[in-house]
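What follows is a short report on a single structure.
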Amino acid sequence: MEVRRRFPPFSSSSASSAGTIRPPRAAPLSSGGRIQASDALPIPIRHTNLLFSLLFICSIFFLMRRWRDKVRESIPLHVVDLSELISIVSVVASLIYLLSFFGIAFVQSVVSSHEDEVDDFTPDGRMAPTPAPSCDLAAPVLAGREDEDIIAAVVSGKTPSYSLESVIGDCRRAAEIRREAIRRISGKGLDGLPLEGFDYGSILGQCCEMPVGFVQLPVGIAGPLKLDGRDYYVPMATTEGCLVASTNRGCKAIFESGGAASVVLRDAMTRSPVVRFLTATRAAELKFFVEEPSNFDTISVVFNRSSRFARLQSVQCALAGRNLYMRFSCSTGDAMGMNMVSKGVQNVLDYLQNDFPDMDVISLSGNFCSDKKPAAVNWIEGRGKSLVCEAVIKEEVVKKVLKTSVSALVEVNTIKNLAGSAIAGALGGFNAHASNIVSAIFIATGQDPAQNVESSQCITMMEAVNDGKDLHISVTMPSIEVGTVGGGTQLASQSACLNLLGVKGANTESPGANARLLATIVAGSVLAGELSLMSALAAGQLVKSHMKYNRSCRDITKVAST
């Protein structure tokens, strides 16, 4: 994402208050140098909207009157004079502006032909990907050359490795040539890394740059997980032995106890730009402006035109000296939504620049979001999908399936997950191993693995209920960040795993429903994993089970020789 810097206009007063003289700089175009409809005139956007609205109405009124007179006088309508021609151009221009401003995707693409469309979808619910360089170029530069010549050019530095796909026109061949060039440069081969059996064109320009192969990960299935009255078979990509087996045991305990229930508490992706002013007083003025309820509707309109799925929910501000952090929260349909919310934030910054020309945009992300980092703001306010999932495990199931007792589970959970995590100063880590399950499902379903950091924030609670006979267990997870369109979800393997769960692609009837369902499945699987691991700890079976399932019986010397 391109980050735009804005600088205040030069004045003697501002120079004296800042202590140094800074020369004036030309304000860049909106959206990182891309022209948008709101850039049509150098006046505040509300005045621009009013002007084009009046232009459209007056032009239509004039043309209707002229055409009525022509009909009465039997003058052909296709014969137009200069005034009619100007009116027709005015109608077309004002119509394009107004439709573009309010977010009609196809008109927006006319106004800004290279506008990023990663968050829009086709009518059949499939995602329309970002335009990427094609592997089938009309005239690839090196297509007719022998591989050996191209490899030599890459090794010598004459042909950049990153350009092979475009200059050759064959993604599979480019990966093979790059792989051989790396072997010659480094002196080390990649013999164990598969090359065949992967569609390299599917990742070009959107998932991975300069590929040389793909890593194989086994995928296991845990389940059925009975959640909200439905059964799910959960795919988990992992190399940790015992993880799938343990989660599967938890699923069995939940199933035999009647299933689990979940509630989505909130659904909102966040992005927090940071802007700076010459004084803290001026930064506070923008804070009050953004937080004023009467201004929210206008800000929402500006934000929402970034995508037909983006809907601004709130803006939370925090001040640090003369730096202002604005945490935008919005719904993003079935996409995880980082690109979508970033585009909306950029639109709002462009709008605010009109009324606050001295605003200096330091970064589109100011870490108040907070993305891919443990943060209290996510733990308290939530990010992505906030959920709670619960189940009541019957006493006989605890004894038969989990091989422990209700009282032992409650005691271990209190001392380990609650008190132990508090002593460690944990931030959202009041659980046994939520990140294990989250990471495995994320990798299997094409999510961003780095977002496991905040998505694994979880507090596991256990209580004895029904006169101490049964166990009530719950997991509360405030920031599960998932999507069912975009990114790695479109790859064949990951798409198959999403299809297994019944959440592949966008939900055309209820946008966002598939992503929310995936988040509930993640929470339900964490519930099963927590239940099983805590039972193993309570029964003293952890080491025994890992020695059985997490130790290879193969002769490593024979494996290395094959």
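Lettering and numbering for the structure tokens are positional, with chains as A, B, ... in the shown order, residues counted from 1 in each chain, and ligands counted from 1 in the shown order.
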
Set out as a Markdown table a contact list for range 258-371 of chain A and range 527-531 of chain A with a cut-off of 12 Å, giving each residue of range 258-371 of chain A that qualifies its closest atom pair and distance in Å to one decimal, counting only C-alpha atoms, ordered by chain and rising residue number.
```
| residue | atom | partner | partner_atom | distance |
| --- | --- | --- | --- | --- |
| A:Gly259 | CA | A:Ala528 | CA | 10.5 |
| A:Ala260 | CA | A:Leu527 | CA | 8.7 |
| A:Ala261 | CA | A:Leu527 | CA | 10.5 |
| A:Ser262 | CA | A:Leu527 | CA | 10.4 |
```

Among the residues of range 173-397 of chain A, find those DSSP assigns to strand (DSSP E) from the backbone and print them as number ranges by chain. A: 219-227, 230-237, 261-271, 274-276, 311-320, 323-331, 360-363, 384-393

Choose the residue, out of A:Asn354, A:Gln494, A:Asn378, A:Ser535, that has the smallest atom-to-atom separation from Val406 in chain A; count only C-alpha atoms.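 The shortest atom-to-atom distance to Val406 in chain A comes from A:Ser535.
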
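If you count only C-alpha atoms and ignore residues fewer than 6 places along the chain from Met236 in chain A, what sits within 9 Å of it is Pro218, Val219, Gly220, Ile221, Ala222, Leu243, Val244, Ile437, Val438, Ser439, Ala440, Ile441, Phe442, Ile443, Ala444, Thr445 and Cys497 of chain A.
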
Please produce a file of those selected residues containing all heavy atoms, as an mmCIF file, in the first residue's frame.
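Final output, saved to result.cif:
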```
data_model
loop_
_atom_site.group_PDB
_atom_site.id
_atom_site.type_symbol
_atom_site.label_atom_id
_atom_site.label_comp_id
_atom_site.auth_asym_id
_atom_site.auth_seq_id
_atom_site.Cartn_x
_atom_site.Cartn_y
_atom_site.Cartn_z
ATOM 1 N N PRO A 218 1.223 -31.551 5.331
ATOM 2 C CA PRO A 218 0.116 -32.499 5.465
ATOM 3 C C PRO A 218 -1.116 -31.816 6.051
ATOM 4 O O PRO A 218 -1.010 -30.913 6.878
ATOM 5 C CB PRO A 218 0.675 -33.558 6.416
ATOM 6 C CG PRO A 218 1.741 -32.850 7.184
ATOM 7 C CD PRO A 218 2.334 -31.836 6.251
ATOM 8 N N VAL A 219 -2.276 -32.239 5.595
ATOM 9 C CA VAL A 219 -3.547 -31.711 6.094
ATOM 10 C C VAL A 219 -4.328 -32.847 6.728
ATOM 11 O O VAL A 219 -4.613 -33.854 6.068
ATOM 12 C CB VAL A 219 -4.372 -31.059 4.964
ATOM 13 C CG1 VAL A 219 -5.728 -30.585 5.493
ATOM 14 C CG2 VAL A 219 -3.611 -29.898 4.339
ATOM 15 N N GLY A 220 -4.640 -32.708 8.013
ATOM 16 C CA GLY A 220 -5.459 -33.692 8.717
ATOM 17 C C GLY A 220 -6.862 -33.169 8.933
ATOM 18 O O GLY A 220 -7.112 -31.963 8.825
ATOM 19 N N ILE A 221 -7.772 -34.053 9.235
ATOM 20 C CA ILE A 221 -9.173 -33.681 9.440
ATOM 21 C C ILE A 221 -9.588 -34.028 10.864
ATOM 22 O O ILE A 221 -9.422 -35.163 11.312
ATOM 23 C CB ILE A 221 -10.107 -34.408 8.457
ATOM 24 C CG1 ILE A 221 -9.762 -34.027 7.018
ATOM 25 C CG2 ILE A 221 -11.564 -34.075 8.755
ATOM 26 C CD1 ILE A 221 -10.032 -32.576 6.687
ATOM 27 N N ALA A 222 -10.107 -33.046 11.568
ATOM 28 C CA ALA A 222 -10.670 -33.261 12.910
ATOM 29 C C ALA A 222 -12.183 -33.122 12.811
ATOM 30 O O ALA A 222 -12.686 -32.200 12.168
ATOM 31 C CB ALA A 222 -10.107 -32.246 13.891
ATOM 32 N N LEU A 243 -1.452 -32.975 17.318
ATOM 33 C CA LEU A 243 -2.354 -31.832 17.318
ATOM 34 C C LEU A 243 -3.717 -32.190 16.750
ATOM 35 O O LEU A 243 -4.752 -31.896 17.360
ATOM 36 C CB LEU A 243 -1.745 -30.667 16.532
ATOM 37 C CG LEU A 243 -2.628 -29.424 16.400
ATOM 38 C CD1 LEU A 243 -2.986 -28.861 17.771
ATOM 39 C CD2 LEU A 243 -1.949 -28.365 15.537
ATOM 40 N N VAL A 244 -3.743 -32.809 15.577
ATOM 41 C CA VAL A 244 -5.022 -33.163 14.957
ATOM 42 C C VAL A 244 -5.736 -34.219 15.795
ATOM 43 O O VAL A 244 -6.955 -34.145 16.011
ATOM 44 C CB VAL A 244 -4.806 -33.665 13.518
ATOM 45 C CG1 VAL A 244 -6.137 -34.084 12.895
ATOM 46 C CG2 VAL A 244 -4.158 -32.579 12.666
ATOM 47 N N ILE A 437 -4.304 -24.382 17.021
ATOM 48 C CA ILE A 437 -5.461 -24.680 16.174
ATOM 49 C C ILE A 437 -5.670 -23.571 15.155
ATOM 50 O O ILE A 437 -5.943 -23.830 13.970
ATOM 51 C CB ILE A 437 -6.722 -24.887 17.042
ATOM 52 C CG1 ILE A 437 -6.614 -26.172 17.864
ATOM 53 C CG2 ILE A 437 -7.966 -24.950 16.170
ATOM 54 C CD1 ILE A 437 -5.934 -26.044 19.185
ATOM 55 N N VAL A 438 -5.546 -22.316 15.593
ATOM 56 C CA VAL A 438 -5.752 -21.183 14.693
ATOM 57 C C VAL A 438 -4.765 -21.239 13.535
ATOM 58 O O VAL A 438 -5.147 -21.092 12.368
ATOM 59 C CB VAL A 438 -5.621 -19.852 15.455
ATOM 60 C CG1 VAL A 438 -5.648 -18.669 14.480
ATOM 61 C CG2 VAL A 438 -6.746 -19.706 16.469
ATOM 62 N N SER A 439 -3.499 -21.478 13.830
ATOM 63 C CA SER A 439 -2.480 -21.522 12.775
ATOM 64 C C SER A 439 -2.748 -22.647 11.787
ATOM 65 O O SER A 439 -2.622 -22.459 10.566
ATOM 66 C CB SER A 439 -1.094 -21.704 13.390
ATOM 67 O OG SER A 439 -0.734 -20.594 14.169
ATOM 68 N N ALA A 440 -3.107 -23.818 12.288
ATOM 69 C CA ALA A 440 -3.344 -24.969 11.417
ATOM 70 C C ALA A 440 -4.512 -24.725 10.469
ATOM 71 O O ALA A 440 -4.445 -25.050 9.279
ATOM 72 C CB ALA A 440 -3.589 -26.223 12.262
ATOM 73 N N ILE A 441 -5.586 -24.142 10.979
ATOM 74 C CA ILE A 441 -6.742 -23.856 10.119
ATOM 75 C C ILE A 441 -6.440 -22.709 9.171
ATOM 76 O O ILE A 441 -6.847 -22.728 7.998
ATOM 77 C CB ILE A 441 -7.978 -23.551 10.979
ATOM 78 C CG1 ILE A 441 -8.335 -24.757 11.861
ATOM 79 C CG2 ILE A 441 -9.173 -23.181 10.102
ATOM 80 C CD1 ILE A 441 -9.499 -24.510 12.805
ATOM 81 N N PHE A 442 -5.726 -21.702 9.646
ATOM 82 C CA PHE A 442 -5.362 -20.573 8.790
ATOM 83 C C PHE A 442 -4.564 -21.040 7.576
ATOM 84 O O PHE A 442 -4.829 -20.618 6.446
ATOM 85 C CB PHE A 442 -4.540 -19.558 9.589
ATOM 86 C CG PHE A 442 -5.381 -18.507 10.268
ATOM 87 C CD1 PHE A 442 -6.663 -18.783 10.702
ATOM 88 C CD2 PHE A 442 -4.881 -17.233 10.475
ATOM 89 C CE1 PHE A 442 -7.436 -17.820 11.322
ATOM 90 C CE2 PHE A 442 -5.643 -16.245 11.086
ATOM 91 C CZ PHE A 442 -6.922 -16.538 11.524
ATOM 92 N N ILE A 443 -3.573 -21.887 7.802
ATOM 93 C CA ILE A 443 -2.735 -22.348 6.695
ATOM 94 C C ILE A 443 -3.542 -23.215 5.738
ATOM 95 O O ILE A 443 -3.403 -23.106 4.517
ATOM 96 C CB ILE A 443 -1.517 -23.113 7.236
ATOM 97 C CG1 ILE A 443 -0.621 -22.160 8.041
ATOM 98 C CG2 ILE A 443 -0.720 -23.757 6.113
ATOM 99 C CD1 ILE A 443 0.500 -22.853 8.790
ATOM 100 N N ALA A 444 -4.409 -24.049 6.267
ATOM 101 C CA ALA A 444 -5.206 -24.942 5.420
ATOM 102 C C ALA A 444 -6.205 -24.179 4.563
ATOM 103 O O ALA A 444 -6.526 -24.596 3.444
ATOM 104 C CB ALA A 444 -5.935 -25.970 6.284
ATOM 105 N N THR A 445 -6.713 -23.062 5.062
ATOM 106 C CA THR A 445 -7.786 -22.348 4.356
ATOM 107 C C THR A 445 -7.322 -21.070 3.673
ATOM 108 O O THR A 445 -8.144 -20.293 3.194
ATOM 109 C CB THR A 445 -8.932 -22.011 5.323
ATOM 110 O OG1 THR A 445 -8.428 -21.215 6.414
ATOM 111 C CG2 THR A 445 -9.567 -23.279 5.885
ATOM 112 N N CYS A 497 -10.266 -26.821 0.900
ATOM 113 C CA CYS A 497 -10.511 -26.882 2.345
ATOM 114 C C CYS A 497 -11.688 -25.984 2.735
ATOM 115 O O CYS A 497 -12.503 -26.354 3.596
ATOM 116 C CB CYS A 497 -9.253 -26.485 3.108
ATOM 117 S SG CYS A 497 -7.897 -27.679 2.991
#
```

Proximity of range 190-236 of chain A to range 167-180 of chain A: per-residue shortest pair, 6 Å limit, only C-alpha atoms, as a Markdown table:
```
| residue | atom | partner | partner_atom | distance |
| --- | --- | --- | --- | --- |
| A:Tyr200 | CA | A:Cys171 | CA | 5.6 |
| A:Gly201 | CA | A:Cys171 | CA | 5.8 |
| A:Pro211 | CA | A:Ala175 | CA | 5.7 |
| A:Val212 | CA | A:Ala175 | CA | 4.8 |
```

Using the selection just defined, write its residues with C-alpha atoms as a CSV table (one decimal), in the first residue's frame.
```csv
chain,number,residue,atom,x,y,z
A,200,TYR,CA,2.3,-20.7,-10.8
A,201,GLY,CA,0.1,-18.5,-12.8
A,211,PRO,CA,8.6,-18.5,-6.8
A,212,VAL,CA,11.0,-21.5,-7.0
```

Skipping near chain neighbours, those fewer than 2 positions away, what residues fall within 9 Å of range 407-414 of chain A using only C-alpha atoms, listed as a PyMOL selection string? chain A and resi 404-405+416-420+431-432+460-464+468-469+471+531+534-535+537-539

Could you tell me how far CA of Asp467 in chain A lies from CA of Glu390 in chain A, in Å and to one decimal?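 Interatomic distance here is 18.4 Å.
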
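Checking A:Ala245, A:Leu491, A:Ala536, A:Ile473 one by one against Cys207 in chain A, counting only C-alpha atoms, you find the shortest gap at A:Leu491.
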
List as a VMD selection string the protein and nucleic acid residues near Arg327 in chain A, meaning an atom at most 8 Å away when only C-alpha atoms are counted, but skip any in the same chain fewer than 3 places from it. chain A and resid 270 to 273 315 to 317 368 to 369

Can you tell me, as a list in words, which residues in range 354-432 of chain A count as alpha helix (DSSP H) by DSSP? Asn354, Asp355, Ala376, Val377, Asn378, Trp379, Ile380, Glu381, Glu395, Glu396, Val397, Val398, Lys399, Lys400, Val406, Ser407, Ala408, Leu409, Val410, Glu411, Val412, Ser421, Ala422 and Ile423 of chain A

Based on the selection just made, write N, CA, C and O atoms of those residues as an mmCIF file, in the first residue's frame.
```
data_model
loop_
_atom_site.group_PDB
_atom_site.id
_atom_site.type_symbol
_atom_site.label_atom_id
_atom_site.label_comp_id
_atom_site.auth_asym_id
_atom_site.auth_seq_id
_atom_site.Cartn_x
_atom_site.Cartn_y
_atom_site.Cartn_z
ATOM 1 N N ASN A 354 -9.006 18.645 2.792
ATOM 2 C CA ASN A 354 -9.630 19.874 2.303
ATOM 3 C C ASN A 354 -9.907 20.856 3.437
ATOM 4 O O ASN A 354 -9.730 22.072 3.274
ATOM 5 N N ASP A 355 -10.363 20.346 4.573
ATOM 6 C CA ASP A 355 -10.681 21.212 5.709
ATOM 7 C C ASP A 355 -9.507 21.374 6.671
ATOM 8 O O ASP A 355 -9.513 22.292 7.501
ATOM 9 N N ALA A 376 -3.303 -4.555 23.356
ATOM 10 C CA ALA A 376 -4.444 -4.508 24.260
ATOM 11 C C ALA A 376 -5.689 -3.977 23.561
ATOM 12 O O ALA A 376 -6.814 -4.352 23.914
ATOM 13 N N VAL A 377 -5.509 -3.091 22.563
ATOM 14 C CA VAL A 377 -6.682 -2.521 21.893
ATOM 15 C C VAL A 377 -7.473 -3.609 21.176
ATOM 16 O O VAL A 377 -8.716 -3.564 21.139
ATOM 17 N N ASN A 378 -6.803 -4.602 20.602
ATOM 18 C CA ASN A 378 -7.521 -5.722 19.974
ATOM 19 C C ASN A 378 -8.181 -6.604 21.028
ATOM 20 O O ASN A 378 -9.285 -7.122 20.818
ATOM 21 N N TRP A 379 -7.504 -6.806 22.132
ATOM 22 C CA TRP A 379 -8.032 -7.645 23.211
ATOM 23 C C TRP A 379 -9.282 -7.025 23.828
ATOM 24 O O TRP A 379 -10.230 -7.731 24.181
ATOM 25 N N ILE A 380 -9.307 -5.693 23.907
ATOM 26 C CA ILE A 380 -10.432 -5.009 24.549
ATOM 27 C C ILE A 380 -11.523 -4.643 23.541
ATOM 28 O O ILE A 380 -12.711 -4.933 23.754
ATOM 29 N N GLU A 381 -11.126 -4.011 22.432
ATOM 30 C CA GLU A 381 -12.100 -3.508 21.459
ATOM 31 C C GLU A 381 -12.460 -4.528 20.384
ATOM 32 O O GLU A 381 -13.516 -4.437 19.770
ATOM 33 N N GLU A 395 -20.658 -35.372 32.458
ATOM 34 C CA GLU A 395 -19.707 -36.009 33.374
ATOM 35 C C GLU A 395 -19.194 -37.334 32.825
ATOM 36 O O GLU A 395 -17.990 -37.615 32.881
ATOM 37 N N GLU A 396 -20.108 -38.134 32.255
ATOM 38 C CA GLU A 396 -19.675 -39.437 31.753
ATOM 39 C C GLU A 396 -18.733 -39.306 30.557
ATOM 40 O O GLU A 396 -17.840 -40.139 30.355
ATOM 41 N N VAL A 397 -18.914 -38.245 29.774
ATOM 42 C CA VAL A 397 -18.029 -38.009 28.628
ATOM 43 C C VAL A 397 -16.651 -37.573 29.119
ATOM 44 O O VAL A 397 -15.625 -37.980 28.569
ATOM 45 N N VAL A 398 -16.617 -36.748 30.154
ATOM 46 C CA VAL A 398 -15.341 -36.323 30.729
ATOM 47 C C VAL A 398 -14.551 -37.539 31.199
ATOM 48 O O VAL A 398 -13.332 -37.626 30.991
ATOM 49 N N LYS A 399 -15.225 -38.479 31.808
ATOM 50 C CA LYS A 399 -14.539 -39.664 32.328
ATOM 51 C C LYS A 399 -14.187 -40.651 31.214
ATOM 52 O O LYS A 399 -13.072 -41.175 31.174
ATOM 53 N N LYS A 400 -15.115 -40.865 30.292
ATOM 54 C CA LYS A 400 -14.926 -41.900 29.270
ATOM 55 C C LYS A 400 -13.999 -41.446 28.142
ATOM 56 O O LYS A 400 -13.086 -42.185 27.741
ATOM 57 N N VAL A 406 -14.212 -33.563 36.212
ATOM 58 C CA VAL A 406 -14.612 -32.165 36.075
ATOM 59 C C VAL A 406 -13.820 -31.292 37.049
ATOM 60 O O VAL A 406 -13.313 -30.220 36.687
ATOM 61 N N SER A 407 -13.705 -31.726 38.281
ATOM 62 C CA SER A 407 -12.992 -30.926 39.290
ATOM 63 C C SER A 407 -11.522 -30.730 38.928
ATOM 64 O O SER A 407 -10.955 -29.650 39.120
ATOM 65 N N ALA A 408 -10.907 -31.762 38.371
ATOM 66 C CA ALA A 408 -9.498 -31.646 37.985
ATOM 67 C C ALA A 408 -9.327 -30.653 36.842
ATOM 68 O O ALA A 408 -8.374 -29.855 36.816
ATOM 69 N N LEU A 409 -10.242 -30.667 35.882
ATOM 70 C CA LEU A 409 -10.175 -29.735 34.755
ATOM 71 C C LEU A 409 -10.331 -28.286 35.218
ATOM 72 O O LEU A 409 -9.591 -27.398 34.788
ATOM 73 N N VAL A 410 -11.291 -28.044 36.093
ATOM 74 C CA VAL A 410 -11.526 -26.688 36.598
ATOM 75 C C VAL A 410 -10.299 -26.190 37.356
ATOM 76 O O VAL A 410 -9.878 -25.032 37.205
ATOM 77 N N GLU A 411 -9.712 -27.055 38.153
ATOM 78 C CA GLU A 411 -8.548 -26.656 38.946
ATOM 79 C C GLU A 411 -7.355 -26.324 38.052
ATOM 80 O O GLU A 411 -6.699 -25.288 38.222
ATOM 81 N N VAL A 412 -7.062 -27.181 37.080
ATOM 82 C CA VAL A 412 -5.919 -26.941 36.199
ATOM 83 C C VAL A 412 -6.128 -25.677 35.377
ATOM 84 O O VAL A 412 -5.203 -24.878 35.176
ATOM 85 N N SER A 421 -1.034 -17.478 33.488
ATOM 86 C CA SER A 421 -0.905 -16.474 32.439
ATOM 87 C C SER A 421 -0.793 -15.070 33.021
ATOM 88 O O SER A 421 -0.090 -14.212 32.482
ATOM 89 N N ALA A 422 -1.501 -14.832 34.143
ATOM 90 C CA ALA A 422 -1.405 -13.524 34.792
ATOM 91 C C ALA A 422 0.002 -13.283 35.331
ATOM 92 O O ALA A 422 0.551 -12.181 35.207
ATOM 93 N N ILE A 423 0.595 -14.314 35.923
ATOM 94 C CA ILE A 423 1.965 -14.185 36.426
ATOM 95 C C ILE A 423 2.936 -13.901 35.271
ATOM 96 O O ILE A 423 3.884 -13.133 35.408
#
```

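Here CA of Pro293 in chain A is placed at a distance of 12.1 Å from CA of Gln313 in chain A.
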
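Restricting the calculation to only C-alpha atoms, the smallest distance between Leu286 in chain A and any of A:Pro357, A:Gly189, A:Gly157, A:Gly483 is found for A:Pro357.
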
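Of note, CA of Ala320 in chain A and CA of Leu427 in chain A are spaced 22.5 Å apart.
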
Would you list the contacts of Ser510 in chain A as a PyMOL selection string, taking every protein, DNA or RNA residue within 9 Å and counting only C-alpha atoms, but skipping same-chain residues closer than 4 positions in sequence? chain A and resi 333+506+514
